[in-house]
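Enquirer: To be precise about what I am sending: the file is called input.csv and holds CSV, C-alpha atoms.
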```
chain,number,residue,atom,x,y,z
U,18,MET,CA,86.9,114.8,183.0
U,19,LYS,CA,88.5,113.1,180.0
U,20,ALA,CA,90.8,111.1,182.3
U,21,ALA,CA,87.9,109.9,184.3
U,22,ILE,CA,85.9,108.9,181.2
U,23,THR,CA,88.9,107.1,179.8
U,24,ALA,CA,89.5,105.2,183.0
U,25,ARG,CA,85.9,104.1,183.2
U,26,ALA,CA,85.9,103.1,179.5
U,27,LYS,CA,89.0,100.9,180.0
U,28,ALA,CA,87.4,99.4,183.1
U,29,LEU,CA,84.4,98.4,180.9
U,30,GLY,CA,86.8,96.6,178.5
U,31,PHE,CA,87.2,99.1,175.7
U,32,ASP,CA,90.6,98.9,174.0
U,33,ALA,CA,90.7,102.3,172.3
U,34,ILE,CA,89.2,105.6,173.4
U,35,GLY,CA,89.3,109.0,171.8
U,36,PHE,CA,87.6,112.4,171.8
U,37,THR,CA,86.6,114.7,169.0
U,38,ALA,CA,84.2,117.5,168.2
U,39,ALA,CA,80.7,116.6,167.0
U,40,ALA,CA,81.4,117.7,163.4
U,41,LEU,CA,82.8,116.3,160.2
U,42,THR,CA,85.0,118.1,157.7
U,43,PRO,CA,83.7,119.3,154.3
U,44,GLN,CA,85.9,116.7,152.6
U,45,GLN,CA,84.3,113.9,154.6
U,46,ARG,CA,80.8,115.2,153.8
U,47,ASP,CA,81.7,115.5,150.1
U,48,GLY,CA,83.1,112.0,150.2
U,49,LEU,CA,79.7,110.6,151.4
U,50,GLN,CA,77.8,112.5,148.7
U,51,ALA,CA,80.2,111.2,146.0
U,52,TYR,CA,79.8,107.6,147.3
U,53,LEU,CA,76.0,107.8,147.1
U,54,ALA,CA,76.0,109.6,143.7
U,55,ALA,CA,78.1,106.7,142.3
U,56,ASN,CA,75.6,104.3,143.7
U,57,HIS,CA,78.4,102.4,145.4
U,58,HIS,CA,76.0,101.8,148.4
U,59,GLY,CA,73.9,99.4,146.2
U,60,THR,CA,70.6,98.5,147.7
U,61,MET,CA,71.4,100.0,151.1
U,62,GLY,CA,68.8,102.7,150.7
U,63,TRP,CA,69.0,103.5,154.4
U,64,MET,CA,72.3,105.2,153.7
U,65,GLU,CA,70.8,107.6,151.3
U,66,ALA,CA,67.5,108.1,153.2
U,67,ARG,CA,69.4,109.7,156.2
U,68,ALA,CA,72.4,111.1,154.4
U,69,GLU,CA,71.9,114.6,155.9
U,70,GLN,CA,72.1,113.2,159.4
U,71,ARG,CA,75.0,110.9,158.5
U,72,ALA,CA,77.0,113.9,157.2
U,73,ASP,CA,76.5,116.1,160.2
U,74,PRO,CA,76.4,114.7,163.8
U,75,ARG,CA,74.6,117.8,164.9
U,76,SER,CA,71.9,117.2,162.4
U,77,LEU,CA,71.3,113.9,164.1
U,78,TRP,CA,71.4,115.6,167.6
U,79,PRO,CA,71.7,119.4,167.6
U,80,GLU,CA,72.8,119.6,171.3
U,81,ALA,CA,75.8,117.4,170.7
U,82,ILE,CA,79.2,119.1,171.3
U,83,SER,CA,81.6,116.3,171.6
U,84,VAL,CA,81.9,112.7,170.4
U,85,ILE,CA,83.6,110.0,172.4
U,86,SER,CA,84.8,107.2,170.0
U,87,LEU,CA,85.4,103.8,171.5
U,88,GLY,CA,86.9,100.6,170.0
U,89,LEU,CA,86.8,97.0,171.1
U,90,SER,CA,89.4,94.6,169.6
U,91,TYR,CA,88.3,91.4,168.0
U,92,ALA,CA,91.7,90.5,166.6
U,93,PRO,CA,91.8,86.7,166.0
U,94,GLU,CA,94.3,84.4,167.7
U,95,SER,CA,95.2,82.5,164.6
U,96,ASP,CA,95.1,82.9,160.8
U,97,PRO,CA,91.7,84.5,160.0
U,98,LEU,CA,91.7,83.0,156.5
U,99,ALA,CA,92.5,79.4,157.4
U,100,THR,CA,89.0,78.2,156.7
U,101,LEU,CA,89.2,79.4,153.1
U,102,LYS,CA,91.5,76.4,152.5
U,103,LEU,CA,88.7,74.0,153.6
U,104,PRO,CA,86.3,73.8,150.6
U,105,ASP,CA,83.9,71.6,152.5
U,106,ALA,CA,83.5,74.1,155.3
U,107,GLY,CA,81.9,77.6,155.3
U,108,ASN,CA,83.9,80.7,156.2
U,109,ILE,CA,82.2,83.1,158.6
U,110,SER,CA,83.6,86.6,159.2
U,111,ILE,CA,85.7,86.8,162.3
U,112,TYR,CA,83.4,89.3,164.1
U,113,ALA,CA,80.4,87.0,163.7
U,114,ARG,CA,81.7,83.8,165.2
U,115,ASN,CA,80.0,84.3,168.6
U,116,ARG,CA,77.7,87.0,170.1
U,117,ASP,CA,76.4,90.0,168.3
U,118,TYR,CA,78.8,92.8,169.0
U,119,HIS,CA,76.1,95.4,168.7
U,120,ASP,CA,74.6,94.1,172.0
U,121,ILE,CA,78.0,93.8,173.7
U,122,ILE,CA,79.1,97.3,172.9
U,123,LYS,CA,75.8,99.0,173.4
U,124,GLY,CA,75.4,97.6,176.9
U,125,ARG,CA,78.8,99.0,177.9
U,126,LEU,CA,78.2,102.3,176.2
U,127,LYS,CA,75.1,102.7,178.3
U,128,HIS,CA,77.1,102.1,181.5
U,129,LEU,CA,79.6,104.7,180.4
U,130,GLY,CA,76.8,107.1,179.3
U,131,GLN,CA,75.3,106.8,182.8
U,132,PHE,CA,78.6,107.8,184.3
U,133,ILE,CA,78.8,110.8,182.0
U,134,ALA,CA,75.2,111.8,182.5
U,135,ALA,CA,75.9,112.0,186.2
U,136,GLN,CA,78.0,115.0,185.4
U,137,ASN,CA,74.9,116.9,184.3
U,138,SER,CA,75.5,116.1,180.7
U,139,GLY,CA,73.2,114.9,178.0
U,140,VAL,CA,74.3,111.7,176.2
U,141,LYS,CA,73.3,109.5,173.3
U,142,VAL,CA,74.9,106.2,172.4
U,143,PHE,CA,75.3,104.6,169.0
U,144,VAL,CA,76.6,101.3,167.6
U,145,ASP,CA,76.6,101.0,163.8
U,146,THR,CA,72.8,101.0,163.4
U,147,ALA,CA,72.3,104.9,163.5
U,148,PRO,CA,73.3,107.3,160.7
U,149,VAL,CA,76.7,108.0,162.2
U,150,MET,CA,80.0,108.1,160.1
U,151,GLU,CA,81.8,106.2,162.8
U,152,LYS,CA,85.1,105.6,160.9
U,153,PRO,CA,85.7,109.3,160.1
U,154,LEU,CA,84.9,110.2,163.6
U,155,ALA,CA,87.2,107.5,165.0
U,156,GLN,CA,90.0,108.9,162.8
U,157,GLN,CA,89.3,112.4,164.1
U,158,ALA,CA,89.4,111.1,167.6
U,159,GLY,CA,92.8,109.5,167.0
U,160,LEU,CA,91.8,105.8,167.2
U,161,GLY,CA,93.2,105.1,163.7
U,162,TRP,CA,92.9,106.0,160.1
U,163,GLN,CA,90.7,104.9,157.2
U,164,GLY,CA,92.9,102.6,155.2
U,165,LYS,CA,92.8,101.9,151.5
U,166,HIS,CA,90.1,99.3,152.2
U,167,THR,CA,88.0,102.1,153.8
U,168,ASN,CA,88.0,100.4,157.2
U,169,LEU,CA,89.7,101.8,160.2
U,170,VAL,CA,93.3,100.8,160.8
U,171,SER,CA,95.0,101.1,164.2
U,172,ARG,CA,98.7,101.0,164.9
U,173,GLN,CA,98.0,98.9,168.0
U,174,HIS,CA,95.0,96.8,166.9
U,175,GLY,CA,95.4,96.5,163.1
U,176,SER,CA,92.1,96.3,161.2
U,177,TRP,CA,90.3,94.6,164.0
U,178,LEU,CA,88.4,97.3,165.9
U,179,LEU,CA,84.6,97.3,166.5
U,180,LEU,CA,83.4,100.9,167.0
U,181,GLY,CA,80.8,102.7,169.1
U,182,GLU,CA,80.2,106.3,169.9
U,183,ILE,CA,78.8,108.5,172.7
U,184,PHE,CA,77.5,111.9,171.7
U,185,THR,CA,77.5,114.3,174.7
U,186,THR,CA,76.8,117.9,175.5
U,187,LEU,CA,80.0,118.1,177.4
U,188,ALA,CA,82.7,120.3,175.8
U,189,LEU,CA,85.7,117.9,176.0
U,190,PRO,CA,89.1,118.8,174.5
U,191,PRO,CA,89.6,116.9,171.3
U,192,ASP,CA,92.4,114.4,170.7
U,193,PRO,CA,94.7,114.9,167.7
U,194,PRO,CA,93.5,113.0,164.6
U,195,GLU,CA,95.5,110.0,163.4
U,196,ARG,CA,97.3,110.5,160.1
U,197,ASP,CA,97.4,108.0,157.3
U,198,HIS,CA,100.1,105.3,157.6
U,199,CYS,CA,99.2,103.2,154.5
U,200,GLY,CA,102.1,104.6,152.4
U,201,SER,CA,102.4,102.8,149.0
U,202,CYS,CA,101.0,99.5,150.3
U,203,GLN,CA,98.1,98.1,148.4
U,204,ALA,CA,97.9,94.7,150.0
U,205,CYS,CA,94.2,95.0,150.9
U,206,ILE,CA,93.2,96.0,147.4
U,207,ILE,CA,95.1,93.2,145.8
U,208,ALA,CA,93.5,90.7,148.3
U,209,CYS,CA,89.9,91.4,147.3
U,210,PRO,CA,88.5,88.4,145.4
U,211,THR,CA,85.9,90.5,143.6
U,212,ASP,CA,87.8,93.7,142.8
U,213,ALA,CA,85.5,95.8,144.9
U,214,PHE,CA,88.0,98.7,145.1
U,215,PRO,CA,87.8,100.9,142.0
U,216,ALA,CA,90.6,103.0,143.5
U,217,PRO,CA,92.4,103.2,146.9
U,218,TYR,CA,90.1,104.5,149.6
U,219,LYS,CA,87.0,103.8,147.5
U,220,LEU,CA,84.7,100.8,147.9
U,221,ASP,CA,82.0,99.7,145.5
U,222,ALA,CA,79.8,97.7,147.9
U,223,ARG,CA,77.9,96.1,145.0
U,224,ARG,CA,81.1,94.0,144.4
U,225,CYS,CA,82.0,93.4,148.0
U,226,ILE,CA,81.5,89.9,149.4
U,227,SER,CA,80.4,91.2,152.8
U,228,TYR,CA,77.7,93.2,151.0
U,229,LEU,CA,76.7,90.4,148.7
U,230,THR,CA,76.4,87.8,151.5
U,231,ILE,CA,74.8,90.0,154.2
U,232,GLU,CA,73.1,93.1,152.8
U,233,HIS,CA,72.0,91.9,149.4
U,234,ASP,CA,68.7,90.2,149.0
U,235,GLY,CA,67.8,88.1,146.0
U,236,PRO,CA,70.1,86.1,143.7
U,237,ILE,CA,73.8,87.0,143.7
U,238,ALA,CA,75.1,87.9,140.2
U,239,GLU,CA,76.9,84.9,138.6
U,240,GLU,CA,80.0,87.0,137.8
U,241,PHE,CA,80.8,87.0,141.6
U,242,ARG,CA,79.8,83.5,142.6
U,243,THR,CA,83.1,81.7,141.9
U,244,ALA,CA,85.1,84.5,143.5
U,245,ILE,CA,83.0,84.2,146.7
U,246,GLY,CA,84.5,80.8,147.3
U,247,ASN,CA,83.2,79.4,150.7
U,248,HIS,CA,82.4,82.8,152.2
U,249,ILE,CA,79.0,82.3,153.7
U,250,TYR,CA,78.8,85.3,155.9
U,251,GLY,CA,81.0,88.4,155.4
U,252,CYS,CA,84.6,88.5,154.3
U,253,ASP,CA,87.9,89.4,156.0
U,254,ASP,CA,90.2,89.1,153.1
U,255,CYS,CA,91.1,92.8,152.8
U,256,LEU,CA,91.3,93.2,156.6
U,257,ALA,CA,93.5,90.2,157.0
U,258,ALA,CA,96.0,91.4,154.4
U,259,CYS,CA,96.8,94.6,156.3
U,260,PRO,CA,100.5,94.6,157.5
U,261,TRP,CA,99.5,96.6,160.5
U,262,ASN,CA,97.8,93.5,161.9
U,263,LYS,CA,101.2,92.2,163.0
U,264,PHE,CA,101.0,94.5,166.0
U,265,ALA,CA,97.6,93.4,167.0
U,266,LYS,CA,97.2,91.2,170.1
U,267,ALA,CA,94.3,88.7,170.2
U,268,GLY,CA,91.1,90.3,171.5
U,269,GLN,CA,90.2,89.6,175.1
U,270,GLU,CA,86.5,89.8,174.9
U,271,ALA,CA,85.1,86.4,176.0
U,272,LYS,CA,81.7,87.0,174.3
U,273,LEU,CA,83.6,87.3,171.0
U,274,ALA,CA,85.7,84.2,171.4
U,275,HIS,CA,85.0,81.9,168.5
U,276,ARG,CA,82.4,79.2,169.0
U,277,ALA,CA,83.8,75.9,167.9
U,278,ASP,CA,80.9,75.2,165.6
U,279,LEU,CA,81.4,78.5,163.8
U,280,ILE,CA,85.1,78.3,163.0
U,281,SER,CA,84.8,75.9,160.1
U,282,PRO,CA,81.1,74.9,159.9
U,283,ASN,CA,80.2,71.9,157.8
U,284,LEU,CA,78.3,72.9,154.7
U,285,THR,CA,76.2,69.7,154.6
U,286,GLU,CA,74.9,70.4,158.1
U,287,LEU,CA,74.2,74.1,157.3
U,288,ALA,CA,72.3,73.1,154.1
U,289,ARG,CA,69.9,71.1,156.3
U,290,LEU,CA,68.8,74.1,158.4
U,291,ASP,CA,65.2,75.0,158.3
U,292,ASP,CA,64.0,78.3,159.7
U,293,ALA,CA,63.5,77.0,163.2
U,294,ALA,CA,66.8,75.3,163.4
U,295,PHE,CA,68.5,78.4,161.9
U,296,ARG,CA,67.0,80.6,164.6
U,297,ILE,CA,68.2,78.2,167.4
U,298,LYS,CA,71.7,77.8,166.0
U,299,PHE,CA,72.3,81.5,165.6
U,300,SER,CA,70.4,82.9,168.5
U,301,GLY,CA,72.3,85.9,169.8
U,302,SER,CA,74.5,85.9,166.7
U,303,PRO,CA,74.6,88.7,164.1
U,304,ILE,CA,74.0,86.0,161.5
U,305,LYS,CA,70.4,85.7,162.7
U,306,ARG,CA,69.7,89.1,161.3
U,307,ILE,CA,69.9,88.1,157.6
U,308,GLY,CA,67.4,85.2,158.0
U,309,ARG,CA,67.6,81.6,157.0
U,310,ASN,CA,66.9,81.9,153.3
U,311,ARG,CA,69.7,84.5,152.6
U,312,PHE,CA,72.1,82.5,154.7
U,313,VAL,CA,71.3,79.1,153.0
U,314,ARG,CA,71.6,80.8,149.6
U,315,ASN,CA,75.2,81.6,150.5
U,316,VAL,CA,75.7,78.0,151.6
U,317,ALA,CA,74.5,76.8,148.3
U,318,ILE,CA,77.1,78.9,146.5
U,319,ALA,CA,79.8,77.6,148.7
U,320,ILE,CA,78.7,74.1,148.0
U,321,GLY,CA,78.9,74.8,144.3
U,322,ASN,CA,82.4,76.2,144.7
U,323,SER,CA,83.6,73.2,146.6
U,324,GLY,CA,83.4,71.1,143.5
U,325,ASN,CA,82.9,68.1,145.8
U,326,PRO,CA,80.6,65.3,144.4
U,327,ASP,CA,80.0,64.3,148.1
U,328,LEU,CA,78.0,67.6,148.5
U,329,LEU,CA,75.8,67.0,145.4
U,330,ALA,CA,73.0,65.6,147.6
U,331,SER,CA,73.0,68.8,149.6
U,332,ALA,CA,72.9,70.9,146.5
U,333,GLU,CA,70.0,68.8,145.2
U,334,MET,CA,68.1,69.3,148.4
U,335,LEU,CA,68.6,73.1,148.2
U,336,ALA,CA,67.5,73.1,144.6
U,337,GLY,CA,64.1,71.8,145.8
U,338,ASP,CA,63.8,74.6,148.4
U,339,VAL,CA,60.5,76.4,148.5
U,340,ASP,CA,62.4,79.7,148.4
U,341,PRO,CA,63.0,80.5,144.7
U,342,VAL,CA,66.3,82.3,145.4
U,343,VAL,CA,67.7,79.3,147.4
U,344,ALA,CA,66.4,76.9,144.8
U,345,GLU,CA,68.2,78.8,142.0
U,346,ALA,CA,71.4,78.8,143.9
U,347,GLY,CA,71.0,75.1,144.5
U,348,HIS,CA,70.6,74.4,140.8
U,349,TRP,CA,73.7,76.5,140.1
U,350,ALA,CA,75.6,74.5,142.7
U,351,ILE,CA,74.6,71.3,141.0
U,352,GLY,CA,75.9,72.6,137.7
U,353,GLN,CA,79.2,73.6,139.2
U,354,ILE,CA,79.7,70.2,140.8
U,355,ASN,CA,78.7,68.3,137.7
U,356,SER,CA,81.0,70.4,135.5
```
Can you give me the file's structure in the form of structure tokens?
Expert:
Amino acid sequence: MKAAITARAKALGFDAIGFTAAALTPQQRDGLQAYLAANHHGTMGWMEARAEQRADPRSLWPEAISVISLGLSYAPESDPLATLKLPDAGNISIYARNRDYHDIIKGRLKHLGQFIAAQNSGVKVFVDTAPVMEKPLAQQAGLGWQGKHTNLVSRQHGSWLLLGEIFTTLALPPDPPERDHCGSCQACIIACPTDAFPAPYKLDARRCISYLTIEHDGPIAEEFRTAIGNHIYGCDDCLAACPWNKFAKAGQEAKLAHRADLISPNLTELARLDDAAFRIKFSGSPIKRIGRNRFVRNVAIAIGNSGNPDLLASAEMLAGDVDPVVAEAGHWAIGQINS
């Protein structure tokens, strides 16, 4: 049965497939509790609210016996950090430069789930939005290991795998877990602009640019603003630094191929977006999820970090925004440019 599921998964375009039991180790569960106790999840209250289910797949679904972990490569064709050298442009995380991967993966998981269900098996599919510890499960299933940046690293796909899971009542033989291959390397930790790693394998989300630009609502603390640079949605710095990326071939999923207007988007044009224009521009994109005000707040910070007097008019426009958080970021940008 595993061979048939693997073949069907590959036919659906998945690049990595593995199998494991629907259970986590005591160390993995303790790691989650320690993470929450340290408040490293910041304002992501949903992590704490469903911590019990997150720590035990069978608490989420008691009938689950096996987990099928699947990965879709989104490895870029060229330097993922090239836009960081263009201060008048915004930098958008590699995974968000086209369609929302949640929709892409979930549709394929449903197709694969239907195939498995035809074998008189119960199935449930998950993509990131449910309380599932997808990276530990992926490591158990042999897809890769959690690197010192806490993300999954694959020997074949580097740090560029998007994950999804199928829980099933089928008793499927588990694959051997992948062991850690980081060795003494600390490239990802050194690469972080905001020092978000208090120690290897530990992430303080409250300092992470991805968290600050996506999850965090309200003003961004000034201590992080300069380090954010021109990141306007997410950050790939720690992922891109991983030496294992040299083995990754460019992802083949056409729906994740970078839109030309999102590779190095013009900050002046982004600053002009009202709510309606924002929704149109980012329809079908994961960026739409954070809303116009949070996104334009990020744009204002990038404008301030550009130091370019030609962007002063855009900063002044944002300083007059009706949203107080956007307006405050706009005033900060004016001060940065003028200084």
Enquirer: Can you check which parts of region 166-189 of chain U lie within 10 Å of region 258-282 of chain U? Per residue, the shortest pair of atoms and distance in Å to one decimal, counting all atoms listed in the file, sorted by chain and number, as a Markdown table.
Expert:
```
| residue | atom | partner | partner_atom | distance |
| --- | --- | --- | --- | --- |
| U:His166 | CA | U:Cys259 | CA | 9.2 |
| U:Val170 | CA | U:Trp261 | CA | 7.5 |
| U:Ser171 | CA | U:Trp261 | CA | 7.4 |
| U:Arg172 | CA | U:Trp261 | CA | 6.3 |
| U:Gln173 | CA | U:Ala265 | CA | 5.6 |
| U:His174 | CA | U:Ala265 | CA | 4.3 |
| U:Gly175 | CA | U:Asn262 | CA | 4.0 |
| U:Ser176 | CA | U:Asn262 | CA | 6.4 |
| U:Trp177 | CA | U:Asn262 | CA | 7.9 |
| U:Leu178 | CA | U:Gly268 | CA | 9.4 |
```
Enquirer: Restrict the selected residues to C-alpha atoms and save them as a PDB file, in the frame of the given file.
Expert:
```pdb
ATOM      1  CA  HIS U 166      90.100  99.300 152.200  1.00  0.00           C
ATOM      2  CA  VAL U 170      93.300 100.800 160.800  1.00  0.00           C
ATOM      3  CA  SER U 171      95.000 101.100 164.200  1.00  0.00           C
ATOM      4  CA  ARG U 172      98.700 101.000 164.900  1.00  0.00           C
ATOM      5  CA  GLN U 173      98.000  98.900 168.000  1.00  0.00           C
ATOM      6  CA  HIS U 174      95.000  96.800 166.900  1.00  0.00           C
ATOM      7  CA  GLY U 175      95.400  96.500 163.100  1.00  0.00           C
ATOM      8  CA  SER U 176      92.100  96.300 161.200  1.00  0.00           C
ATOM      9  CA  TRP U 177      90.300  94.600 164.000  1.00  0.00           C
ATOM     10  CA  LEU U 178      88.400  97.300 165.900  1.00  0.00           C
TER      11      LEU U 178
END
```
Enquirer: Distance table requested - region 101-163 of chain U against region 39-62 of chain U, cut-off 9 Å, all atoms listed in the file: one row per qualifying residue with the closest atom pair and its distance in Å to one decimal, ordered by chain and rising residue number, as JSON lines.
Expert:
```
{"residue": "U:Met150", "atom": "CA", "partner": "U:Leu41", "partner_atom": "CA", "distance": 8.7}
{"residue": "U:Pro153", "atom": "CA", "partner": "U:Gln45", "partner_atom": "CA", "distance": 7.3}
{"residue": "U:Leu154", "atom": "CA", "partner": "U:Leu41", "partner_atom": "CA", "distance": 7.3}
{"residue": "U:Gln157", "atom": "CA", "partner": "U:Leu41", "partner_atom": "CA", "distance": 8.5}
```
Enquirer: U:Cys255, U:Leu180, U:Gln70, U:Val149: which is nearest Ala208 (chain U), counting all atoms listed in the file?
Expert: U:Cys255
Enquirer: From the list U:Asn355, U:Ala293, U:Asp340, U:Ile226, which residue is nearest Asp327 (chain U) when using only C-alpha atoms?
Expert: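 Smallest separation from Asp327 (chain U) among the options: U:Asn355.
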Enquirer: Select, from U:Leu256, U:Ser90, U:Val313, U:Ile245, the residue with the minimum atom-to-atom distance to Gln203 (chain U), counting only C-alpha atoms.
Expert: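 Comparing U:Leu256, U:Ser90, U:Val313, U:Ile245 against Gln203 (chain U), the winner is U:Leu256.
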Enquirer: Just checking: using only C-alpha atoms, which residue out of U:Asp120, U:Glu345, U:Asp212, U:Asp105 ends up closest to Asp254 (chain U)?
Expert: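 Once distances to Asp254 (chain U) are computed over only C-alpha atoms, the minimum belongs to U:Asp212.
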Enquirer: Within 12 Å of Cys225 (chain U), counting all atoms listed in the file, which residues qualify if same-chain residues fewer than 6 places away don't, as a PDB file with C-alpha atoms, in the coordinates of the input?
Expert:
```pdb
ATOM      1  CA  HIS U  57      78.400 102.400 145.400  1.00  0.00           C
ATOM      2  CA  HIS U  58      76.000 101.800 148.400  1.00  0.00           C
ATOM      3  CA  GLY U  59      73.900  99.400 146.200  1.00  0.00           C
ATOM      4  CA  HIS U 166      90.100  99.300 152.200  1.00  0.00           C
ATOM      5  CA  ILE U 206      93.200  96.000 147.400  1.00  0.00           C
ATOM      6  CA  ALA U 208      93.500  90.700 148.300  1.00  0.00           C
ATOM      7  CA  CYS U 209      89.900  91.400 147.300  1.00  0.00           C
ATOM      8  CA  PRO U 210      88.500  88.400 145.400  1.00  0.00           C
ATOM      9  CA  THR U 211      85.900  90.500 143.600  1.00  0.00           C
ATOM     10  CA  ASP U 212      87.800  93.700 142.800  1.00  0.00           C
ATOM     11  CA  ALA U 213      85.500  95.800 144.900  1.00  0.00           C
ATOM     12  CA  PHE U 214      88.000  98.700 145.100  1.00  0.00           C
ATOM     13  CA  PRO U 215      87.800 100.900 142.000  1.00  0.00           C
ATOM     14  CA  LYS U 219      87.000 103.800 147.500  1.00  0.00           C
ATOM     15  CA  ILE U 231      74.800  90.000 154.200  1.00  0.00           C
ATOM     16  CA  GLU U 232      73.100  93.100 152.800  1.00  0.00           C
ATOM     17  CA  HIS U 233      72.000  91.900 149.400  1.00  0.00           C
ATOM     18  CA  ILE U 237      73.800  87.000 143.700  1.00  0.00           C
ATOM     19  CA  ALA U 238      75.100  87.900 140.200  1.00  0.00           C
ATOM     20  CA  PHE U 241      80.800  87.000 141.600  1.00  0.00           C
ATOM     21  CA  ARG U 242      79.800  83.500 142.600  1.00  0.00           C
ATOM     22  CA  ALA U 244      85.100  84.500 143.500  1.00  0.00           C
ATOM     23  CA  ILE U 245      83.000  84.200 146.700  1.00  0.00           C
ATOM     24  CA  HIS U 248      82.400  82.800 152.200  1.00  0.00           C
ATOM     25  CA  TYR U 250      78.800  85.300 155.900  1.00  0.00           C
ATOM     26  CA  GLY U 251      81.000  88.400 155.400  1.00  0.00           C
ATOM     27  CA  CYS U 252      84.600  88.500 154.300  1.00  0.00           C
ATOM     28  CA  ASP U 253      87.900  89.400 156.000  1.00  0.00           C
ATOM     29  CA  ASP U 254      90.200  89.100 153.100  1.00  0.00           C
ATOM     30  CA  CYS U 255      91.100  92.800 152.800  1.00  0.00           C
TER      31      CYS U 255
END
```
Enquirer: Please write a file for region 285-303 of chain U, taken from the block I just shared, that holds N, CA and C atoms and is laid out as a PDB file, in the first residue's frame.
Expert:
```pdb
ATOM      1  N   THR U 285       7.217  52.641  -3.991  1.00  0.00           N
ATOM      2  CA  THR U 285       6.317  53.770  -4.237  1.00  0.00           C
ATOM      3  C   THR U 285       4.944  53.280  -4.667  1.00  0.00           C
ATOM      4  N   GLU U 286       4.912  52.297  -5.562  1.00  0.00           N
ATOM      5  CA  GLU U 286       3.637  51.755  -6.036  1.00  0.00           C
ATOM      6  C   GLU U 286       2.893  51.040  -4.909  1.00  0.00           C
ATOM      7  N   LEU U 287       3.630  50.310  -4.082  1.00  0.00           N
ATOM      8  CA  LEU U 287       2.978  49.596  -2.983  1.00  0.00           C
ATOM      9  C   LEU U 287       2.411  50.561  -1.954  1.00  0.00           C
ATOM     10  N   ALA U 288       3.092  51.676  -1.737  1.00  0.00           N
ATOM     11  CA  ALA U 288       2.622  52.659  -0.758  1.00  0.00           C
ATOM     12  C   ALA U 288       1.286  53.272  -1.167  1.00  0.00           C
ATOM     13  N   ARG U 289       0.978  53.263  -2.443  1.00  0.00           N
ATOM     14  CA  ARG U 289      -0.261  53.872  -2.945  1.00  0.00           C
ATOM     15  C   ARG U 289      -1.468  52.949  -2.807  1.00  0.00           C
ATOM     16  N   LEU U 290      -1.266  51.708  -2.427  1.00  0.00           N
ATOM     17  CA  LEU U 290      -2.361  50.748  -2.406  1.00  0.00           C
ATOM     18  C   LEU U 290      -3.407  51.103  -1.341  1.00  0.00           C
ATOM     19  N   ASP U 291      -4.654  51.270  -1.783  1.00  0.00           N
ATOM     20  CA  ASP U 291      -5.742  51.318  -0.807  1.00  0.00           C
ATOM     21  C   ASP U 291      -6.257  49.898  -0.616  1.00  0.00           C
ATOM     22  N   ASP U 292      -7.276  49.736   0.188  1.00  0.00           N
ATOM     23  CA  ASP U 292      -7.730  48.381   0.518  1.00  0.00           C
ATOM     24  C   ASP U 292      -8.199  47.627  -0.727  1.00  0.00           C
ATOM     25  N   ALA U 293      -8.966  48.295  -1.584  1.00  0.00           N
ATOM     26  CA  ALA U 293      -9.489  47.628  -2.781  1.00  0.00           C
ATOM     27  C   ALA U 293      -8.360  47.223  -3.718  1.00  0.00           C
ATOM     28  N   ALA U 294      -7.407  48.119  -3.939  1.00  0.00           N
ATOM     29  CA  ALA U 294      -6.289  47.811  -4.836  1.00  0.00           C
ATOM     30  C   ALA U 294      -5.417  46.694  -4.252  1.00  0.00           C
ATOM     31  N   PHE U 295      -5.252  46.708  -2.927  1.00  0.00           N
ATOM     32  CA  PHE U 295      -4.484  45.651  -2.271  1.00  0.00           C
ATOM     33  C   PHE U 295      -5.138  44.292  -2.507  1.00  0.00           C
ATOM     34  N   ARG U 296      -6.446  44.217  -2.346  1.00  0.00           N
ATOM     35  CA  ARG U 296      -7.154  42.947  -2.506  1.00  0.00           C
ATOM     36  C   ARG U 296      -7.062  42.433  -3.947  1.00  0.00           C
ATOM     37  N   ILE U 297      -7.109  43.349  -4.886  1.00  0.00           N
ATOM     38  CA  ILE U 297      -7.008  42.942  -6.293  1.00  0.00           C
ATOM     39  C   ILE U 297      -5.595  42.443  -6.595  1.00  0.00           C
ATOM     40  N   LYS U 298      -4.599  43.188  -6.155  1.00  0.00           N
ATOM     41  CA  LYS U 298      -3.213  42.840  -6.474  1.00  0.00           C
ATOM     42  C   LYS U 298      -2.835  41.492  -5.871  1.00  0.00           C
ATOM     43  N   PHE U 299      -3.308  41.216  -4.664  1.00  0.00           N
ATOM     44  CA  PHE U 299      -2.885  40.008  -3.971  1.00  0.00           C
ATOM     45  C   PHE U 299      -3.988  38.954  -3.876  1.00  0.00           C
ATOM     46  N   SER U 300      -4.921  39.006  -4.792  1.00  0.00           N
ATOM     47  CA  SER U 300      -5.949  37.968  -4.850  1.00  0.00           C
ATOM     48  C   SER U 300      -5.299  36.600  -5.098  1.00  0.00           C
ATOM     49  N   GLY U 301      -5.647  35.625  -4.284  1.00  0.00           N
ATOM     50  CA  GLY U 301      -5.062  34.292  -4.430  1.00  0.00           C
ATOM     51  C   GLY U 301      -3.679  34.155  -3.843  1.00  0.00           C
ATOM     52  N   SER U 302      -3.156  35.224  -3.244  1.00  0.00           N
ATOM     53  CA  SER U 302      -1.815  35.216  -2.666  1.00  0.00           C
ATOM     54  C   SER U 302      -1.910  35.080  -1.149  1.00  0.00           C
ATOM     55  N   PRO U 303      -0.919  34.456  -0.509  1.00  0.00           N
ATOM     56  CA  PRO U 303      -0.932  34.421   0.953  1.00  0.00           C
ATOM     57  C   PRO U 303      -0.807  35.800   1.583  1.00  0.00           C
TER      58      PRO U 303
END
```
